[in-house]
file model.txt (compact mmCIF, C-alpha atoms)
# COMPACT_ATOMS: atom_id res chain seq x y z
CA MET A 1 6.02 8.14 -11.40
CA SER A 2 6.20 5.81 -14.40
CA GLN A 3 9.40 7.58 -15.48
CA ALA A 4 10.97 6.83 -12.09
CA GLY A 5 10.11 3.14 -12.47
CA SER A 6 10.37 2.51 -8.74
CA TYR A 7 9.72 4.33 -5.50
CA HIS A 8 8.87 3.94 -1.81
CA VAL A 9 5.46 5.01 -0.44
CA LYS A 10 4.91 5.20 3.32
CA GLY A 11 2.39 6.80 5.63
CA GLY A 12 -1.00 6.54 7.15
CA ALA A 13 -4.26 8.06 8.25
CA THR A 14 -7.09 7.52 10.69
CA GLN A 15 -10.33 6.36 9.11
CA ASP A 16 -13.49 5.89 11.17
CA GLY A 17 -11.34 5.82 14.33
CA THR A 18 -9.01 3.12 13.00
CA GLU A 19 -5.36 3.94 12.39
CA MET A 20 -4.21 2.69 9.02
CA ALA A 21 -0.61 2.59 7.82
CA MET A 22 1.18 1.47 4.68
CA ASP A 23 4.83 0.95 3.80
CA PHE A 24 5.52 -0.32 0.26
CA ARG A 25 8.42 -0.44 -2.15
CA ILE A 26 7.19 -0.47 -5.74
CA SER A 27 9.09 -1.40 -8.88
CA GLY A 28 6.97 -1.26 -12.03
CA ALA A 29 3.96 -3.54 -11.47
CA ASP A 30 5.74 -5.44 -8.67
CA PHE A 31 5.73 -4.40 -5.02
CA SER A 32 6.41 -5.54 -1.46
CA GLY A 33 5.32 -4.15 1.88
CA LYS A 34 2.89 -4.05 4.77
CA LEU A 35 -0.61 -2.70 5.30
CA SER A 36 -1.78 -2.21 8.90
CA MET A 37 -5.42 -1.65 9.80
CA GLY A 38 -5.64 -1.09 13.52
CA ALA A 39 -3.56 -2.50 16.34
CA ASP A 40 -3.42 -6.15 15.28
CA ALA A 41 -4.68 -6.37 11.69
CA ASP A 42 -1.54 -6.47 9.54
CA VAL A 43 -0.96 -8.05 6.17
CA ASP A 44 2.27 -8.33 4.20
CA LEU A 45 1.58 -7.98 0.47
CA LEU A 46 3.84 -9.05 -2.38
CA VAL A 47 3.27 -8.92 -6.14
CA VAL A 48 5.92 -10.40 -8.44
CA GLY A 49 5.51 -11.18 -12.12
CA GLY A 50 1.72 -10.83 -11.92
CA LYS A 51 1.39 -13.27 -9.01
CA GLN A 52 -0.14 -11.95 -5.79
CA TYR A 53 0.92 -13.14 -2.35
CA MET A 54 -0.25 -12.17 1.11
CA ARG A 55 0.83 -13.05 4.65
CA PRO A 56 -1.96 -11.95 7.00
CA SER A 57 -1.81 -11.77 10.78
CA GLU A 58 -4.42 -13.49 12.94
CA GLY A 59 -5.87 -10.02 13.57
CA PHE A 60 -6.40 -9.56 9.85
CA TRP A 61 -8.46 -12.76 9.66
CA SER A 62 -10.42 -11.65 12.76
CA MET A 63 -11.11 -8.28 11.15
CA LEU A 64 -12.70 -10.18 8.24
CA GLY A 65 -15.18 -11.65 10.73
CA MET A 66 -13.69 -15.13 10.94
CA GLY A 67 -13.96 -15.32 14.75
CA GLU A 68 -12.32 -18.42 16.23
CA THR A 69 -11.50 -19.73 12.74
CA ALA A 70 -8.95 -16.91 12.49
CA LYS A 71 -6.62 -18.80 14.85
CA THR A 72 -6.88 -22.00 12.82
CA VAL A 73 -6.27 -20.26 9.50
CA SER A 74 -3.38 -18.27 10.96
CA ALA A 75 -1.81 -21.41 12.44
CA THR A 76 -2.20 -23.29 9.13
CA LEU A 77 -0.50 -20.50 7.22
CA GLY A 78 2.20 -19.77 9.82
CA THR A 79 4.92 -17.67 8.19
CA LYS A 80 4.15 -18.92 4.68
CA TRP A 81 2.75 -16.77 1.91
CA LEU A 82 -0.75 -17.27 0.59
CA GLU A 83 -1.04 -17.03 -3.20
CA VAL A 84 -4.17 -15.10 -4.17
CA SER A 85 -5.63 -15.48 -7.64
CA ALA A 86 -6.44 -12.22 -9.41
CA ALA A 87 -9.84 -13.82 -10.12
CA ASP A 88 -10.59 -13.87 -6.36
CA GLN A 89 -12.28 -10.45 -6.24
CA SER A 90 -12.84 -10.44 -2.47
CA MET A 91 -9.19 -11.01 -1.49
CA SER A 92 -7.54 -9.59 -4.60
CA SER A 93 -8.96 -6.10 -4.09
CA ILE A 94 -6.56 -5.42 -1.20
CA PHE A 95 -3.67 -5.34 -3.69
CA SER A 96 -5.08 -2.18 -5.28
CA ILE A 97 -3.87 -0.17 -2.24
CA VAL A 98 -0.73 0.81 -4.16
CA LYS A 99 -2.26 1.64 -7.54
CA ILE A 100 -0.60 5.01 -7.99
CA ASP A 101 -3.05 6.24 -10.63
CA GLU A 102 -5.93 5.77 -8.18
CA LEU A 103 -3.98 7.16 -5.24
CA LEU A 104 -3.09 10.36 -7.11
CA SER A 105 -6.32 10.77 -9.09
CA VAL A 106 -8.19 14.05 -8.92
CA THR A 107 -11.93 13.86 -8.24
CA GLY A 108 -12.64 17.56 -8.76
CA LYS A 109 -10.68 20.33 -10.43
CA ALA A 110 -6.92 20.48 -9.84
CA ALA A 111 -5.36 23.82 -9.03
CA LYS A 112 -1.88 25.08 -8.25
CA GLY A 113 -1.55 26.23 -4.66
CA GLU A 114 1.23 27.78 -2.65
CA SER A 115 4.94 27.00 -2.78
CA THR A 116 6.25 25.61 0.49
CA GLU A 117 8.61 22.96 1.87
CA VAL A 118 8.07 19.35 2.90
CA ASP A 119 10.89 17.77 4.89
CA GLY A 120 13.18 20.60 3.79
CA LYS A 121 12.43 20.11 0.08
CA PRO A 122 10.90 22.95 -1.96
CA VAL A 123 7.51 21.89 -3.33
CA VAL A 124 4.44 23.31 -5.00
CA THR A 125 1.05 22.40 -3.60
CA LEU A 126 -1.64 20.98 -5.88
CA THR A 127 -5.21 21.02 -4.60
CA ASP A 128 -8.36 19.15 -5.58
CA SER A 129 -11.60 21.16 -5.48
CA ALA A 130 -13.53 18.02 -4.47
CA ASP A 131 -11.21 17.18 -1.55
CA ALA A 132 -10.07 20.19 0.49
CA GLU A 133 -8.19 17.99 2.99
CA SER A 134 -5.97 16.22 0.50
CA LYS A 135 -3.08 18.09 -1.05
CA LEU A 136 -0.35 16.82 -3.34
CA PHE A 137 3.11 18.28 -2.79
CA VAL A 138 5.33 18.06 -5.88
CA ALA A 139 9.09 18.71 -5.91
CA THR A 140 10.13 21.95 -7.61
CA THR A 141 13.82 21.02 -7.83
CA GLY A 142 15.09 17.99 -9.72
CA GLU A 143 12.41 15.74 -11.19
CA PRO A 144 8.84 16.89 -10.46
CA TYR A 145 7.96 13.80 -8.43
CA PRO A 146 5.25 13.81 -5.78
CA VAL A 147 6.82 14.15 -2.35
CA ARG A 148 3.73 13.87 -0.18
CA LEU A 149 -0.04 13.34 -0.40
CA GLY A 150 -2.23 14.59 2.44
CA ALA A 151 -1.21 17.31 4.87
CA ALA A 152 2.30 18.82 4.84
CA THR A 153 2.90 17.11 8.20
CA GLY A 154 0.98 14.48 10.13
CA GLU A 155 -1.37 12.13 8.33
CA GLY A 156 -0.68 11.35 4.70
CA VAL A 157 1.74 9.37 2.58
CA SER A 158 5.27 10.27 1.55
CA PHE A 159 7.08 9.22 -1.61
CA SER A 160 10.84 8.66 -1.79
CA GLU A 161 13.63 6.47 -3.22
CA PHE A 162 12.65 7.21 -6.84
CA GLY A 163 14.51 4.90 -9.22
CA GLY A 164 15.67 2.71 -6.33
CA THR A 165 16.48 -1.00 -6.50
CA PHE A 166 14.50 -3.10 -4.03
CA ASP A 167 15.93 -6.55 -3.41
CA ASP A 168 12.98 -7.58 -1.21
CA ILE A 169 10.68 -7.67 -4.25
CA LYS A 170 11.18 -11.28 -5.23
CA ALA A 171 8.95 -14.32 -5.39
CA PRO A 172 8.97 -16.52 -2.30
CA ALA A 173 10.38 -20.05 -2.52
CA ALA A 174 7.77 -22.59 -3.68
CA ASP A 175 7.83 -24.38 -0.30
CA GLN A 176 6.89 -21.08 1.38
CA VAL A 177 3.64 -20.64 -0.58
CA LEU A 178 0.15 -22.04 -0.04
CA ASP A 179 -2.65 -21.58 -2.54
CA MET A 180 -5.81 -19.84 -1.31
CA ALA A 181 -7.73 -23.03 -2.13
CA ALA A 182 -5.59 -24.86 0.46
CA LEU A 183 -7.24 -22.81 3.20
CA SER A 184 -10.80 -23.34 1.93
CA GLY A 185 -11.24 -26.25 4.31
CA GLN A 186 -10.14 -24.01 7.21
CA LYS A 187 -12.83 -21.36 6.73
call {"tool": "encode", "arguments": {"input": "model.txt", "output": "structure tokens"}}
result
Amino acid sequence: MSQAGSYHVKGGATQDGTEMAMDFRISGADFSGKLSMGADADVDLLVVGGKQYMRPSEGFWSMLGMGETAKTVSATLGTKWLEVSAADQSMSSIFSIVKIDELLSVTGKAAKGESTEVDGKPVVTLTDSADAESKLFVATTGEPYPVRLGAATGEGVSFSEFGGTFDDIKAPAADQVLDMAALSGQK
């Protein structure tokens, strides 16, 4: 993945009855995309040059237990980005969703499984002895990039656009950014 430099990761799963989905374009340490946690809890995430930005929906704030304050915070933010300091552990942790090393880490013993196809591409299956549900499908033609994590079809995440150029990964204009501290009076 580091050799590719950039890629697109998209997919989802159901966790504790809540449908979760992610759609991110990643270029080095920078990325842009959306994380959805249920019907109304969405958050756009953007990391550029080490700066973290988020644009949460009202449902996201409600999911955090903000109740009626969620409307006020959402209205204050509007369509602007919220800059989140890396030192803010509670809000900053959401940005780890796309850490590829964590996403692809093996918790048990890795083993080579069967050869098969994912979306018409020949792949080899890698299994993790500690997680029978999760399989990693790696391309057997061209570069050996991961093609899919999870099941061959259905829930899981797919990887594509290796080496792509993503123009949407750019810092927002200064007048489109509020600092997290600016919302402290709204909470």
call {"tool": "axis_aligned_box", "arguments": {"input": "model.txt", "around": "range 39-56 of chain A", "padding_each_side": "4 Å", "output": "lines of an AutoDock Vina configuration file"}}
result
center_x = 0.6
center_y = -7.9
center_z = 2.1
size_x = 18.6
size_y = 18.8
size_z = 36.5
call {"tool": "residues_near_point", "arguments": {"input": "model.txt", "point": "(-2.1, 1.8, 8.4)", "cutoff": "7 Å", "atoms": "all atoms listed in the file", "output": "number ranges by chain"}}
result
A: 12-13, 19-22, 35-38
call {"tool": "closest_atom_pairs", "arguments": {"input": "model.txt", "of": "range 125-182 of chain A", "to": "range 39-60 of chain A", "cutoff": "8 Å", "atoms": "only C-alpha atoms", "output": "tab-separated table"}}
result
residue	atom	partner	partner_atom	distance
A:Ile169	CA	A:Val48	CA	6.9
A:Lys170	CA	A:Val48	CA	6.2
A:Ala171	CA	A:Val48	CA	5.8
call {"tool": "write_last_selection", "arguments": {"input": "model.txt", "atoms": "C-alpha atoms", "output": "compact mmCIF listing (two decimals), in the frame of the given file"}}
result
# COMPACT_ATOMS: atom_id res chain seq x y z
CA ILE A 169 10.68 -7.67 -4.25
CA LYS A 170 11.18 -11.28 -5.23
CA ALA A 171 8.95 -14.32 -5.39
call {"tool": "residues_near_point", "arguments": {"input": "model.txt", "point": "(14.0, 24.6, -5.1)", "cutoff": "9 Å", "atoms": "all atoms listed in the file", "output": "PDB file with C-alpha atoms, in the coordinates of the input"}}
result
ATOM      1  CA  GLU A 117       8.610  22.960   1.870  1.00  0.00           C
ATOM      2  CA  LYS A 121      12.430  20.110   0.080  1.00  0.00           C
ATOM      3  CA  PRO A 122      10.900  22.950  -1.960  1.00  0.00           C
ATOM      4  CA  VAL A 123       7.510  21.890  -3.330  1.00  0.00           C
ATOM      5  CA  ALA A 139       9.090  18.710  -5.910  1.00  0.00           C
ATOM      6  CA  THR A 140      10.130  21.950  -7.610  1.00  0.00           C
ATOM      7  CA  THR A 141      13.820  21.020  -7.830  1.00  0.00           C
ATOM      8  CA  GLY A 142      15.090  17.990  -9.720  1.00  0.00           C
TER       9      GLY A 142
END
call {"tool": "closest_residue", "arguments": {"input": "model.txt", "among": "A:Leu77, A:Ala111, A:Ala29, A:Val147", "to": "Ser160 in chain A", "atoms": "all atoms listed in the file"}}
result
A:Val147
call {"tool": "residues_around", "arguments": {"input": "model.txt", "residues": "Arg148 in chain A", "least_positions_apart": "5", "cutoff": "8 Å", "atoms": "only C-alpha atoms", "output": "ChimeraX atom specification"}}
result
/A:118,136-138,156-159
call {"tool": "atom_distance", "arguments": {"input": "model.txt", "atom1": "CA of Ser62 in chain A", "atom2": "CA of Asp23 in chain A"}}
result
21.7 Å
call {"tool": "residues_around", "arguments": {"input": "model.txt", "residues": "range 100-108 of chain A", "least_positions_apart": "4", "cutoff": "8 Å", "atoms": "all atoms listed in the file", "output": "ChimeraX atom specification"}}
result
/A:128-131,136,149
call {"tool": "closest_residue", "arguments": {"input": "model.txt", "among": "A:Phe95, A:Arg25, A:Gly11, A:Tyr145", "to": "Glu83 in chain A", "atoms": "all atoms listed in the file"}}
result
A:Phe95
call {"tool": "closest_residue", "arguments": {"input": "model.txt", "among": "A:Gly150, A:Asp119, A:Lys112, A:Asp179", "to": "Thr76 in chain A", "atoms": "all atoms listed in the file"}}
result
A:Asp179
call {"tool": "atom_distance", "arguments": {"input": "model.txt", "atom1": "CA of Gly5 in chain A", "atom2": "CA of Glu161 in chain A"}}
result
10.4 Å
call {"tool": "atom_distance", "arguments": {"input": "model.txt", "atom1": "CA of Asp88 in chain A", "atom2": "CA of Thr14 in chain A"}}
result
27.6 Å
call {"tool": "closest_residue", "arguments": {"input": "model.txt", "among": "A:Ala87, A:Ala174, A:Ile26, A:Val73", "to": "Tyr7 in chain A", "atoms": "only C-alpha atoms"}}
result
A:Ile26
call {"tool": "build_atoms", "arguments": {"input": "model.txt", "residues": "range 156-178 of chain A", "atoms": "N, CA and C atoms", "output": "short mmCIF file (atom, residue, chain, number, x, y, z; two decimals), in the frame of the given file"}}
result
data_model
loop_
_atom_site.label_atom_id
_atom_site.label_comp_id
_atom_site.auth_asym_id
_atom_site.auth_seq_id
_atom_site.Cartn_x
_atom_site.Cartn_y
_atom_site.Cartn_z
N GLY A 156 -0.91 11.30 6.14
CA GLY A 156 -0.68 11.35 4.70
C GLY A 156 0.36 10.31 4.32
N VAL A 157 0.72 10.30 3.05
CA VAL A 157 1.74 9.37 2.58
C VAL A 157 2.87 10.16 1.92
N SER A 158 4.08 9.66 2.13
CA SER A 158 5.27 10.27 1.55
C SER A 158 5.84 9.35 0.48
N PHE A 159 6.45 9.96 -0.52
CA PHE A 159 7.08 9.22 -1.61
C PHE A 159 8.57 9.52 -1.59
N SER A 160 9.38 8.48 -1.80
CA SER A 160 10.84 8.66 -1.79
C SER A 160 11.50 7.53 -2.58
N GLU A 161 12.81 7.52 -2.59
CA GLU A 161 13.63 6.47 -3.22
C GLU A 161 13.27 6.24 -4.69
N PHE A 162 12.99 7.32 -5.42
CA PHE A 162 12.65 7.21 -6.84
C PHE A 162 13.81 6.59 -7.61
N GLY A 163 13.49 5.58 -8.43
CA GLY A 163 14.51 4.90 -9.22
C GLY A 163 15.33 3.90 -8.43
N GLY A 164 14.92 3.62 -7.20
CA GLY A 164 15.67 2.71 -6.33
C GLY A 164 15.57 1.25 -6.78
N THR A 165 16.48 0.44 -6.27
CA THR A 165 16.48 -1.00 -6.50
C THR A 165 16.07 -1.66 -5.19
N PHE A 166 15.03 -2.48 -5.24
CA PHE A 166 14.50 -3.10 -4.03
C PHE A 166 14.65 -4.61 -4.10
N ASP A 167 15.63 -5.12 -3.38
CA ASP A 167 15.93 -6.55 -3.41
C ASP A 167 14.87 -7.41 -2.74
N ASP A 168 14.00 -6.80 -1.90
CA ASP A 168 12.98 -7.58 -1.21
C ASP A 168 11.77 -7.88 -2.11
N ILE A 169 11.77 -7.37 -3.32
CA ILE A 169 10.68 -7.67 -4.25
C ILE A 169 11.09 -8.87 -5.09
N LYS A 170 10.87 -10.04 -4.52
CA LYS A 170 11.18 -11.28 -5.23
C LYS A 170 10.18 -12.34 -4.79
N ALA A 171 9.91 -13.27 -5.68
CA ALA A 171 8.95 -14.32 -5.39
C ALA A 171 9.45 -15.20 -4.25
N PRO A 172 8.56 -15.62 -3.37
CA PRO A 172 8.97 -16.52 -2.30
C PRO A 172 9.28 -17.91 -2.86
N ALA A 173 10.08 -18.67 -2.13
CA ALA A 173 10.38 -20.05 -2.52
C ALA A 173 9.08 -20.85 -2.57
N ALA A 174 8.99 -21.80 -3.49
CA ALA A 174 7.77 -22.59 -3.68
C ALA A 174 7.30 -23.27 -2.40
N ASP A 175 8.24 -23.71 -1.54
CA ASP A 175 7.83 -24.38 -0.30
C ASP A 175 7.35 -23.40 0.77
N GLN A 176 7.37 -22.12 0.45
CA GLN A 176 6.89 -21.08 1.38
C GLN A 176 5.56 -20.48 0.93
N VAL A 177 4.88 -21.16 -0.02
CA VAL A 177 3.64 -20.64 -0.58
C VAL A 177 2.53 -21.68 -0.47
N LEU A 178 1.37 -21.24 -0.02
CA LEU A 178 0.15 -22.04 -0.04
C LEU A 178 -0.84 -21.36 -0.97
#
